[in-house]
$ cat protein13.csv   # CSV, C-alpha atoms
chain,number,residue,atom,x,y,z
A,1159,MET,CA,67.7,128.6,37.1
A,1160,ASN,CA,67.5,127.3,40.6
A,1161,GLY,CA,65.8,124.2,39.3
A,1162,GLN,CA,68.8,123.4,37.0
A,1163,ARG,CA,71.6,123.6,39.5
A,1164,GLN,CA,72.0,122.4,43.1
A,1165,ILE,CA,72.7,125.1,45.7
A,1166,TYR,CA,75.2,124.1,48.5
A,1167,SER,CA,75.5,125.4,52.0
A,1168,VAL,CA,78.8,126.7,53.2
A,1169,SER,CA,79.2,123.7,55.6
A,1170,GLN,CA,78.5,121.3,52.7
A,1171,VAL,CA,81.2,122.9,50.6
A,1172,ASN,CA,83.6,122.7,53.5
A,1173,ARG,CA,82.8,119.1,54.2
A,1174,HIS,CA,83.2,118.2,50.5
A,1175,ILE,CA,86.7,119.9,50.5
A,1176,LYS,CA,87.5,118.0,53.7
A,1177,ASP,CA,86.5,114.7,52.1
A,1178,LEU,CA,88.7,115.4,49.1
A,1179,LEU,CA,91.7,116.3,51.2
A,1180,ASP,CA,91.3,113.3,53.5
A,1181,GLY,CA,91.1,111.0,50.6
A,1182,ASP,CA,94.3,112.3,48.9
A,1183,GLY,CA,97.1,109.8,49.3
A,1184,VAL,CA,99.8,112.4,49.5
A,1185,LEU,CA,98.1,114.8,51.9
A,1186,GLY,CA,97.1,111.9,54.2
A,1187,GLY,CA,100.7,111.6,55.5
A,1188,LEU,CA,103.6,113.8,54.5
A,1189,PHE,CA,106.7,115.5,55.8
A,1190,VAL,CA,106.9,119.3,55.5
A,1191,ARG,CA,110.1,121.4,56.1
A,1192,GLY,CA,109.7,125.0,57.1
A,1193,GLU,CA,110.3,127.7,59.7
A,1194,LEU,CA,108.2,128.0,62.8
A,1195,SER,CA,106.1,131.2,63.2
A,1196,ASN,CA,103.5,132.4,65.6
A,1197,TYR,CA,104.0,129.4,67.9
A,1198,LYS,CA,101.5,129.3,70.7
A,1199,MET,CA,100.9,126.7,73.4
A,1200,TYR,CA,97.4,126.9,74.9
A,1201,PRO,CA,96.3,125.8,78.4
A,1202,SER,CA,94.5,122.9,76.9
A,1203,GLY,CA,97.9,121.5,75.8
A,1204,HIS,CA,97.3,122.0,72.1
A,1205,HIS,CA,99.9,123.8,70.0
A,1206,TYR,CA,99.0,126.2,67.2
A,1207,PHE,CA,101.6,127.7,64.8
A,1208,SER,CA,102.5,128.3,61.2
A,1209,MET,CA,105.3,126.9,59.0
A,1210,LYS,CA,106.7,129.2,56.3
A,1211,ASP,CA,109.3,129.4,53.7
A,1212,GLY,CA,110.3,132.2,51.3
A,1213,GLU,CA,107.1,131.9,49.2
A,1214,GLY,CA,104.3,130.9,51.5
A,1215,ALA,CA,102.9,129.8,54.9
A,1216,LEU,CA,100.9,126.8,56.2
A,1217,ARG,CA,98.7,126.8,59.2
A,1218,CYS,CA,99.4,124.0,61.6
A,1219,VAL,CA,97.9,122.4,64.8
A,1220,MET,CA,99.4,119.8,67.1
A,1221,PHE,CA,97.1,118.4,69.7
A,1222,ARG,CA,98.0,117.7,73.3
A,1223,ARG,CA,98.7,114.0,72.9
A,1224,GLU,CA,101.1,114.5,70.0
A,1225,ALA,CA,102.7,117.6,71.6
A,1226,MET,CA,103.7,115.5,74.7
A,1227,GLY,CA,106.0,113.5,72.4
A,1228,VAL,CA,108.0,116.5,71.3
A,1229,ARG,CA,111.5,116.2,72.8
A,1230,PHE,CA,112.6,119.8,72.2
A,1231,ARG,CA,111.3,123.2,72.9
A,1232,PRO,CA,109.9,124.7,69.7
A,1233,GLU,CA,110.7,128.4,69.1
A,1234,ASN,CA,109.7,130.9,66.5
A,1235,GLY,CA,112.3,131.0,63.7
A,1236,MET,CA,113.4,127.4,64.2
A,1237,LYS,CA,113.8,125.2,61.2
A,1238,VAL,CA,111.8,122.0,61.6
A,1239,ILE,CA,110.4,119.0,59.8
A,1240,ALA,CA,106.7,118.2,60.6
A,1241,PHE,CA,104.9,115.0,59.8
A,1242,GLY,CA,101.1,115.0,59.6
A,1243,ARG,CA,98.1,115.2,57.3
A,1244,VAL,CA,96.4,118.1,55.6
A,1245,SER,CA,92.7,118.5,56.2
A,1246,VAL,CA,90.0,121.2,56.6
A,1247,PHE,CA,88.4,122.4,59.8
A,1248,PRO,CA,84.8,122.7,58.5
A,1249,ARG,CA,83.8,125.4,60.9
A,1250,ASP,CA,86.0,128.1,59.3
A,1251,GLY,CA,86.9,126.4,56.0
A,1252,GLN,CA,90.6,126.8,56.6
A,1253,TYR,CA,92.9,123.9,55.6
A,1254,GLN,CA,95.8,123.2,57.9
A,1255,LEU,CA,98.4,120.6,58.7
A,1256,TYR,CA,97.5,118.4,61.6
A,1257,VAL,CA,101.0,117.6,63.0
A,1258,SER,CA,101.6,114.2,64.7
A,1259,ALA,CA,105.4,114.6,65.0
A,1260,LEU,CA,107.8,117.5,65.0
A,1261,THR,CA,111.6,117.4,64.9
A,1262,PRO,CA,114.4,120.0,64.3
A,1263,ASP,CA,115.5,120.1,60.7
A,1264,GLY,CA,118.8,118.4,60.2
A,1265,VAL,CA,118.1,115.2,62.1
A,1266,GLY,CA,118.5,113.4,58.9
A,1267,ASP,CA,117.0,110.4,57.0
A,1268,LEU,CA,116.8,108.2,60.1
A,1269,TYR,CA,114.0,110.3,61.6
A,1270,VAL,CA,112.1,110.4,58.3
A,1271,ALA,CA,112.4,106.6,58.0
A,1272,PHE,CA,111.3,106.2,61.7
A,1273,GLU,CA,108.1,108.3,61.1
A,1274,GLN,CA,107.3,106.6,57.9
A,1275,LEU,CA,107.5,103.1,59.4
A,1276,LYS,CA,105.7,104.2,62.5
A,1277,GLU,CA,102.8,105.6,60.5
A,1278,ARG,CA,102.6,102.4,58.3
A,1279,LEU,CA,102.6,100.1,61.3
A,1280,ARG,CA,100.1,102.2,63.1
A,1281,ARG,CA,97.7,102.0,60.1
A,1282,GLU,CA,98.2,98.2,60.1
A,1283,GLY,CA,97.0,98.1,63.7
A,1284,LEU,CA,100.3,97.0,65.3
A,1285,PHE,CA,100.0,99.7,68.0
A,1286,ASP,CA,96.3,99.1,68.9
A,1287,PRO,CA,95.8,98.9,72.6
A,1288,GLU,CA,93.2,96.2,72.4
A,1289,ARG,CA,95.8,93.9,70.9
A,1290,LYS,CA,98.2,94.2,73.8
A,1291,LYS,CA,98.5,91.2,76.1
A,1292,PRO,CA,98.4,91.5,79.9
A,1293,LEU,CA,101.5,90.7,81.9
A,1294,PRO,CA,101.5,87.7,84.2
A,1295,ALA,CA,101.1,88.8,87.8
A,1296,PHE,CA,103.7,86.3,89.1
A,1297,PRO,CA,106.0,85.2,86.2
A,1298,GLY,CA,107.8,82.0,86.8
A,1299,ARG,CA,110.2,82.3,83.9
A,1300,ILE,CA,111.5,85.5,82.3
A,1301,ALA,CA,113.6,85.7,79.1
A,1302,LEU,CA,115.9,88.7,78.6
A,1303,VAL,CA,116.6,89.2,74.9
A,1304,THR,CA,119.5,91.6,75.1
A,1305,SER,CA,123.2,91.9,75.0
A,1306,SER,CA,124.9,89.6,77.6
A,1307,ALA,CA,127.8,92.1,78.0
A,1308,GLY,CA,126.0,95.4,78.7
A,1309,ALA,CA,125.2,97.1,82.0
A,1310,ALA,CA,121.5,96.8,81.2
A,1311,VAL,CA,121.4,93.1,81.6
A,1312,ARG,CA,123.3,93.2,84.9
A,1313,ASP,CA,120.9,95.8,86.2
A,1314,MET,CA,117.9,93.7,85.2
A,1315,LEU,CA,119.3,90.6,86.8
A,1316,ARG,CA,120.1,92.4,90.0
A,1317,ILE,CA,116.6,93.9,90.3
A,1318,LEU,CA,114.8,90.8,89.3
A,1319,GLY,CA,116.8,88.8,91.9
A,1320,ALA,CA,116.1,91.3,94.6
A,1321,ARG,CA,112.4,91.8,93.9
A,1322,TRP,CA,111.3,88.2,92.9
A,1323,PRO,CA,114.0,85.6,93.3
A,1324,MET,CA,111.5,82.8,92.7
A,1325,ALA,CA,111.5,83.6,89.0
A,1326,GLU,CA,113.9,81.7,86.7
A,1327,VAL,CA,115.7,84.3,84.5
A,1328,ALA,CA,117.2,83.2,81.2
A,1329,VAL,CA,119.5,85.6,79.2
A,1330,VAL,CA,119.1,85.1,75.4
A,1331,PRO,CA,122.2,86.9,74.2
A,1332,VAL,CA,121.9,89.0,71.0
A,1333,ARG,CA,123.6,91.9,69.4
A,1334,VAL,CA,121.7,95.1,70.1
A,1335,GLN,CA,123.6,97.4,67.7
A,1336,GLY,CA,124.8,97.0,64.1
A,1337,GLU,CA,123.4,95.5,60.9
A,1338,GLU,CA,123.1,92.0,62.3
A,1339,ALA,CA,121.2,93.1,65.5
A,1340,PRO,CA,117.6,93.3,64.1
A,1341,GLY,CA,117.7,89.8,62.7
A,1342,GLU,CA,119.1,88.4,65.9
A,1343,ILE,CA,116.6,90.1,68.1
A,1344,ALA,CA,113.7,89.0,66.0
A,1345,ALA,CA,115.0,85.4,65.8
A,1346,ALA,CA,115.5,85.3,69.6
A,1347,ILE,CA,111.9,86.4,70.3
A,1348,ASP,CA,110.6,83.8,67.8
A,1349,TRP,CA,112.8,81.1,69.4
A,1350,VAL,CA,111.6,81.8,72.9
A,1351,ASN,CA,108.0,81.6,71.7
A,1352,ARG,CA,108.6,78.4,69.6
A,1353,HIS,CA,110.0,76.6,72.6
A,1354,ALA,CA,107.7,78.2,75.2
A,1355,LEU,CA,110.8,79.1,77.3
A,1356,ALA,CA,109.2,82.0,79.3
A,1357,ASP,CA,106.1,83.6,80.7
A,1358,LEU,CA,107.4,87.0,79.9
A,1359,ILE,CA,110.0,88.5,77.5
A,1360,ILE,CA,112.0,91.7,78.2
A,1361,THR,CA,113.9,93.1,75.2
A,1362,GLY,CA,116.0,96.2,75.0
A,1363,ARG,CA,119.3,97.8,75.8
A,1364,GLY,CA,120.9,100.8,77.5
A,1365,GLY,CA,120.9,104.3,76.2
A,1366,GLY,CA,122.6,105.7,73.2
A,1367,SER,CA,122.2,107.8,70.1
A,1368,MET,CA,119.4,107.3,67.6
A,1369,GLU,CA,121.8,105.3,65.5
A,1370,ASP,CA,122.7,103.1,68.4
A,1371,LEU,CA,119.1,102.3,69.2
A,1372,TRP,CA,118.1,101.8,65.5
A,1373,ALA,CA,117.9,98.0,65.8
A,1374,PHE,CA,114.7,98.5,67.8
A,1375,ASN,CA,113.2,100.7,65.1
A,1376,ASP,CA,113.6,97.8,62.6
A,1377,GLU,CA,110.4,96.4,61.1
A,1378,SER,CA,111.4,92.8,61.6
A,1379,VAL,CA,111.8,93.4,65.3
A,1380,ALA,CA,108.5,95.2,65.5
A,1381,ARG,CA,106.7,92.3,63.7
A,1382,ALA,CA,108.4,89.7,65.9
A,1383,ILE,CA,107.1,91.5,69.0
A,1384,PHE,CA,103.7,91.8,67.5
A,1385,ARG,CA,103.4,88.0,66.7
A,1386,SER,CA,104.8,86.9,70.1
A,1387,ASP,CA,102.3,84.9,72.1
A,1388,ILE,CA,104.3,85.7,75.2
A,1389,PRO,CA,103.9,89.2,76.6
A,1390,VAL,CA,106.8,91.5,75.7
A,1391,ILE,CA,108.2,94.5,77.6
A,1392,SER,CA,110.3,96.9,75.6
A,1393,ALA,CA,113.1,98.5,77.6
A,1394,VAL,CA,115.2,100.6,75.2
A,1395,GLY,CA,117.5,103.5,76.3
A,1396,HIS,CA,116.4,106.1,78.7
A,1397,GLU,CA,113.1,107.9,79.4
A,1398,PRO,CA,113.2,110.3,76.4
A,1399,ASP,CA,114.2,107.6,74.0
A,1400,VAL,CA,111.2,106.2,72.0
A,1401,THR,CA,111.5,103.4,69.4
A,1402,ILE,CA,109.1,101.4,67.2
A,1403,ALA,CA,109.5,98.5,69.6
A,1404,ASP,CA,108.0,100.6,72.4
A,1405,PHE,CA,104.8,101.2,70.4
A,1406,VAL,CA,104.4,97.5,69.5
A,1407,ALA,CA,105.3,96.0,72.8
A,1408,ASP,CA,102.7,95.0,75.4
A,1409,LEU,CA,104.3,97.4,77.8
A,1410,ARG,CA,106.9,100.1,77.4
A,1411,ALA,CA,109.5,100.7,80.2
A,1412,ALA,CA,111.4,103.9,80.6
A,1413,THR,CA,114.7,102.0,81.1
A,1414,PRO,CA,115.8,98.4,81.4
A,1415,SER,CA,115.9,98.8,85.2
A,1416,ASN,CA,112.3,100.0,85.1
A,1417,ALA,CA,111.4,97.0,83.0
A,1418,ALA,CA,112.6,94.7,85.7
A,1419,GLU,CA,110.6,96.6,88.3
A,1420,LEU,CA,107.5,96.3,86.1
A,1421,ALA,CA,108.0,92.7,85.3
A,1422,VAL,CA,107.8,91.2,88.8
A,1423,PRO,CA,106.2,92.1,92.1
A,1424,ASP,CA,108.3,93.1,95.1
A,1425,GLN,CA,108.7,90.2,97.4
A,1426,GLU,CA,108.8,92.5,100.4
A,1427,GLU,CA,105.4,94.0,99.4
A,1428,ILE,CA,104.0,90.6,98.9
A,1429,ARG,CA,105.4,89.4,102.2
A,1430,ALA,CA,103.9,92.4,103.9
A,1431,ARG,CA,100.6,91.8,102.2
A,1432,VAL,CA,100.6,88.1,103.3
A,1433,GLU,CA,101.4,89.1,106.8
A,1434,GLN,CA,98.6,91.6,106.8
A,1435,LEU,CA,96.1,89.0,105.5
A,1436,SER,CA,97.4,86.5,108.0
A,1437,LEU,CA,96.8,89.0,110.8
A,1438,ARG,CA,93.3,89.7,109.6
A,1439,MET,CA,92.6,85.9,109.4
A,1440,ARG,CA,94.0,85.4,112.8
A,1441,THR,CA,91.9,88.2,114.2
A,1442,ALA,CA,88.8,86.9,112.5
A,1443,ALA,CA,89.4,83.4,113.8
A,1444,GLU,CA,90.0,84.6,117.4
A,1445,ARG,CA,86.8,86.6,117.2
A,1446,GLU,CA,84.8,83.6,115.9
A,1447,LEU,CA,86.4,81.5,118.7
A,1448,ARG,CA,85.4,84.0,121.4
A,1449,GLN,CA,81.9,84.1,120.1
A,1450,ALA,CA,81.7,80.3,120.0
A,1451,ARG,CA,83.0,80.1,123.6
A,1452,ALA,CA,80.4,82.6,124.7
A,1453,ALA,CA,77.7,80.6,123.0
A,1454,LEU,CA,79.0,77.4,124.6
A,1455,ALA,CA,78.9,79.1,128.0
A,1456,ARG,CA,75.3,80.2,127.5
A,1457,TRP,CA,74.3,76.7,126.4
A,1458,SER,CA,76.2,75.0,129.3
A,1459,GLU,CA,74.2,77.1,131.8
A,1460,SER,CA,70.9,76.3,130.2
A,1461,ARG,CA,68.3,74.3,132.2
A,1462,ALA,CA,68.0,71.7,129.4
A,1463,LEU,CA,71.7,70.8,129.6
A,1464,GLN,CA,72.0,70.9,133.4
A,1465,ASP,CA,69.0,68.6,133.9
A,1466,PRO,CA,67.8,67.0,130.7
A,1467,MET,CA,64.8,65.4,132.5
A,1468,ASN,CA,63.4,68.9,133.2
A,1469,PHE,CA,62.8,69.2,129.6
A,1470,VAL,CA,60.9,65.9,129.5
A,1471,ALA,CA,58.9,66.9,132.6
A,1472,ASP,CA,57.9,70.2,131.0
A,1473,ARG,CA,56.8,68.3,128.0
A,1474,ARG,CA,54.8,65.9,130.1
A,1475,VAL,CA,52.9,68.7,131.8
A,1476,LEU,CA,52.2,70.2,128.4
A,1477,LEU,CA,51.0,66.9,127.1
A,1478,ASP,CA,48.6,66.5,130.1
A,1479,TYR,CA,47.3,70.0,129.6
A,1480,GLN,CA,46.8,69.4,125.8
A,1481,ARG,CA,45.1,66.0,126.6
A,1482,GLY,CA,42.7,67.7,129.0
A,1483,ARG,CA,41.8,70.3,126.5
A,1484,LEU,CA,41.3,67.7,123.8
A,1485,ALA,CA,39.0,65.6,126.0
A,1486,SER,CA,37.0,68.6,127.1
A,1487,SER,CA,36.6,69.7,123.5
A,1488,LEU,CA,35.5,66.2,122.4
A,1489,SER,CA,33.0,66.0,125.2
A,1490,VAL,CA,31.5,69.3,124.3
A,1491,SER,CA,31.4,68.3,120.6
A,1492,LEU,CA,29.8,64.9,121.4
A,1493,ASN,CA,27.0,66.5,123.5
A,1494,ARG,CA,26.3,69.0,120.8
A,1495,GLU,CA,26.0,66.3,118.2
A,1496,LYS,CA,23.7,64.2,120.5
A,1497,GLN,CA,21.4,67.1,120.9
A,1498,ARG,CA,21.4,67.7,117.2
A,1499,LEU,CA,20.6,64.0,116.6
A,1500,GLY,CA,17.7,64.1,119.1
A,1501,ARG,CA,16.2,67.1,117.3
A,1502,LEU,CA,16.5,65.4,113.9
A,1503,ALA,CA,15.0,62.2,115.2
A,1504,ALA,CA,12.0,64.0,116.7
A,1505,ALA,CA,11.4,65.8,113.5
A,1506,LEU,CA,11.7,62.6,111.5
A,1507,ASP,CA,9.3,60.8,113.9
A,1508,ALA,CA,6.8,63.5,113.6
A,1509,MET,CA,6.7,63.0,109.8
A,1510,SER,CA,6.6,59.2,110.0
A,1511,PRO,CA,3.6,57.5,108.3
A,1512,LEU,CA,3.4,55.1,111.2
A,1513,LYS,CA,2.1,57.9,113.3
A,1514,VAL,CA,-0.8,58.2,110.9
A,1515,LEU,CA,-1.4,54.4,111.0
A,1516,ALA,CA,-1.5,54.4,114.8
A,1517,ARG,CA,-4.6,56.7,114.6
A,1518,GLY,CA,-6.6,53.9,112.8
A,1519,TYR,CA,-5.6,54.5,109.2
A,1520,ALA,CA,-4.3,51.7,106.9
A,1521,VAL,CA,-2.4,51.6,103.6
A,1522,ALA,CA,-3.5,49.1,100.9
A,1523,ARG,CA,-0.9,47.6,98.6
A,1524,LYS,CA,-1.2,45.2,95.6
A,1525,ALA,CA,0.8,42.1,95.3
A,1526,ASP,CA,3.4,44.0,93.2
A,1527,GLY,CA,3.8,46.5,96.1
A,1528,SER,CA,2.1,49.4,94.5
A,1529,VAL,CA,-0.1,51.6,96.7
A,1530,VAL,CA,-3.8,51.6,96.0
A,1531,SER,CA,-4.8,55.2,95.9
A,1532,SER,CA,-8.3,54.9,94.3
A,1533,VAL,CA,-11.1,52.3,93.8
A,1534,GLY,CA,-10.4,52.3,90.1
A,1535,ALA,CA,-7.1,50.8,90.8
A,1536,VAL,CA,-8.6,47.4,91.9
A,1537,LYS,CA,-11.1,44.8,90.7
A,1538,ALA,CA,-12.9,41.9,92.3
A,1539,GLY,CA,-10.6,39.1,93.2
A,1540,ASP,CA,-7.4,41.2,93.7
A,1541,ARG,CA,-5.3,40.3,96.6
A,1542,LEU,CA,-4.3,43.2,98.8
A,1543,ARG,CA,-2.2,43.7,101.9
A,1544,LEU,CA,-3.4,46.3,104.4
A,1545,ARG,CA,-0.6,47.9,106.4
A,1546,VAL,CA,-1.7,48.9,109.9
A,1547,SER,CA,0.3,50.3,112.8
A,1548,ASP,CA,1.4,46.9,114.1
A,1549,GLY,CA,1.6,44.8,110.9
A,1550,GLU,CA,-0.1,43.7,107.6
A,1551,ILE,CA,-3.4,42.1,107.0
A,1552,PRO,CA,-3.9,40.0,103.8
A,1553,CYS,CA,-7.3,40.4,102.2
A,1554,VAL,CA,-9.2,39.8,98.9
A,1555,VAL,CA,-11.5,42.3,97.0
A,1556,GLU,CA,-14.9,40.5,96.8
A,1557,GLU,CA,-16.6,43.1,94.7
A,1558,LYS,CA,-15.7,46.4,93.0
A,1559,PRO,CA,-17.7,49.3,94.3

$ encode --input "protein13.csv" --output "structure tokens"
Amino acid sequence: MNGQRQIYSVSQVNRHIKDLLDGDGVLGGLFVRGELSNYKMYPSGHHYFSMKDGEGALRCVMFRREAMGVRFRPENGMKVIAFGRVSVFPRDGQYQLYVSALTPDGVGDLYVAFEQLKERLRREGLFDPERKKPLPAFPGRIALVTSSAGAAVRDMLRILGARWPMAEVAVVPVRVQGEEAPGEIAAAIDWVNRHALADLIITGRGGGSMEDLWAFNDESVARAIFRSDIPVISAVGHEPDVTIADFVADLRAATPSNAAELAVPDQEEIRARVEQLSLRMRTAAERELRQARAALARWSESRALQDPMNFVADRRVLLDYQRGRLASSLSVSLNREKQRLGRLAAALDAMSPLKVLARGYAVARKADGSVVSSVGAVKAGDRLRLRVSDGEIPCVVEEKP
């Protein structure tokens, strides 16, 4: 029977169930309403709890990163709406809801719409960190896409002017609340990009309710920020307020005032830095100058500079010394070669055939110059030349022996 059916391990079954749940379109991202139970916060920062209603319970986990975004204190018995995905933890085979957002029940449809849009844009990659553009270190032109009548724009202008007055700041007035606000904000961001009016864009408004800030949760604003070629800082509300624009922007500021601080350097800090660098350069230049002066003093006291002819005289003495050594060496070498030549000449003279001729011997040669080495080499009438020690004697062979 084992040959007919495949046998699975426990972990294989758990992984298969996990793949099924992860591939389910509904379970991949859903809202769940229920009552908190057994809520525990661990030192790791992860939150573990259950959600229950009158007929059942669901195990839940919210990891540290997502838990940091919860803006209320969860308590057992509290009615909440959780957004997340259902999956299986393969080690124990238990399915659970992996919560990415948690809010008290009763917030209304705005929160549900916010979470749905956030999840959709996240999946499209609009929040990816690698797509965010760096801010210019020293922006020359800054566009403020915000209401021209609010306190936020006055705070930003004041801080920008104090920190970096060299930047040109242009206010692009838009409505930041109401039905017309999202279209105006998106159009203003596109307009600044189309005409290249700034090196940096700051868009936002002061604090308010979720309804007041809703223009910055609009999809058209999010996509305008995303397609902007100019870096965008989102500055909406106060520190706890979070909007879709904050996730898409290249940088999120806690408040409009904080956005102005993040947008430009502090001229006082830059001035202090320049002064510090100037002091270091001046100190380095003075050190180099002292070293050069010390070197000049050493050179000015040198014998060569005080009396240049001393140098020439020293070189003349050295030249005479080297000339003497060269002459001595050549003389020794010449004598050695003469002696060698004498030995070679004596050896050559000892081997010379003239020495043999001087003792009474002679060498007979034919007319063609060949040496006669036997009687068979000549015949009667041949003319020969006899070489003796002091010359040659012509003769004729009268008869062959």

$ residues_around --input "protein13.csv" --residues "region 1336-1352 of chain A" --least-positions-apart "2" --cutoff "10 Å" --atoms "only C-alpha atoms" --output "PyMOL selection string"
chain A and resi 1301-1305+1330-1334+1354-1362+1369-1383+1385-1390

$ atom_distance --input "protein13.csv" --atom1 "CA of Leu1188 (chain A)" --atom2 "CA of Asp1211 (chain A)"
16.6 Å

$ closest_residue --input "protein13.csv" --among "A:Arg1481, A:Arg1494, A:Trp1322, A:Pro1232" --to "Glu1426 (chain A)" --atoms "all atoms listed in the file"
A:Trp1322

$ residues_around --input "protein13.csv" --residues "Thr1413 (chain A)" --least-positions-apart "4" --cutoff "9 Å" --atoms "all atoms listed in the file" --output "JSON, numbers by chain"
{"A": [1310, 1362, 1363, 1364, 1365, 1392, 1393, 1394, 1395, 1396, 1397, 1417, 1418]}

$ closest_residue --input "protein13.csv" --among "A:Glu1419, A:Glu1224, A:Asp1540, A:Glu1282" --to "Tyr1256 (chain A)" --atoms "only C-alpha atoms"
A:Glu1224

$ closest_residue --input "protein13.csv" --among "A:Ala1259, A:Ala1503, A:Glu1193, A:Gln1449" --to "Arg1223 (chain A)" --atoms "all atoms listed in the file"
A:Ala1259

$ residues_near_point --input "protein13.csv" --point "(99.3, 94.3, 74.9)" --cutoff "6 Å" --atoms "all atoms listed in the file" --output "ChimeraX atom specification"
/A:1289-1292,1408

$ residues_near_point --input "protein13.csv" --point "(98.9, 111.9, 53.8)" --cutoff "12 Å" --atoms "all atoms listed in the file" --output "PyMOL selection string"
chain A and resi 1178-1190+1241-1245+1255-1258+1274+1277-1278+1281

$ atom_distance --input "protein13.csv" --atom1 "CA of Glu1233 (chain A)" --atom2 "CA of Lys1210 (chain A)"
13.4 Å

$ closest_residue --input "protein13.csv" --among "A:Ser1528, A:Gln1425, A:Gln1252, A:Ser1458" --to "Gly1319 (chain A)" --atoms "all atoms listed in the file"
A:Gln1425
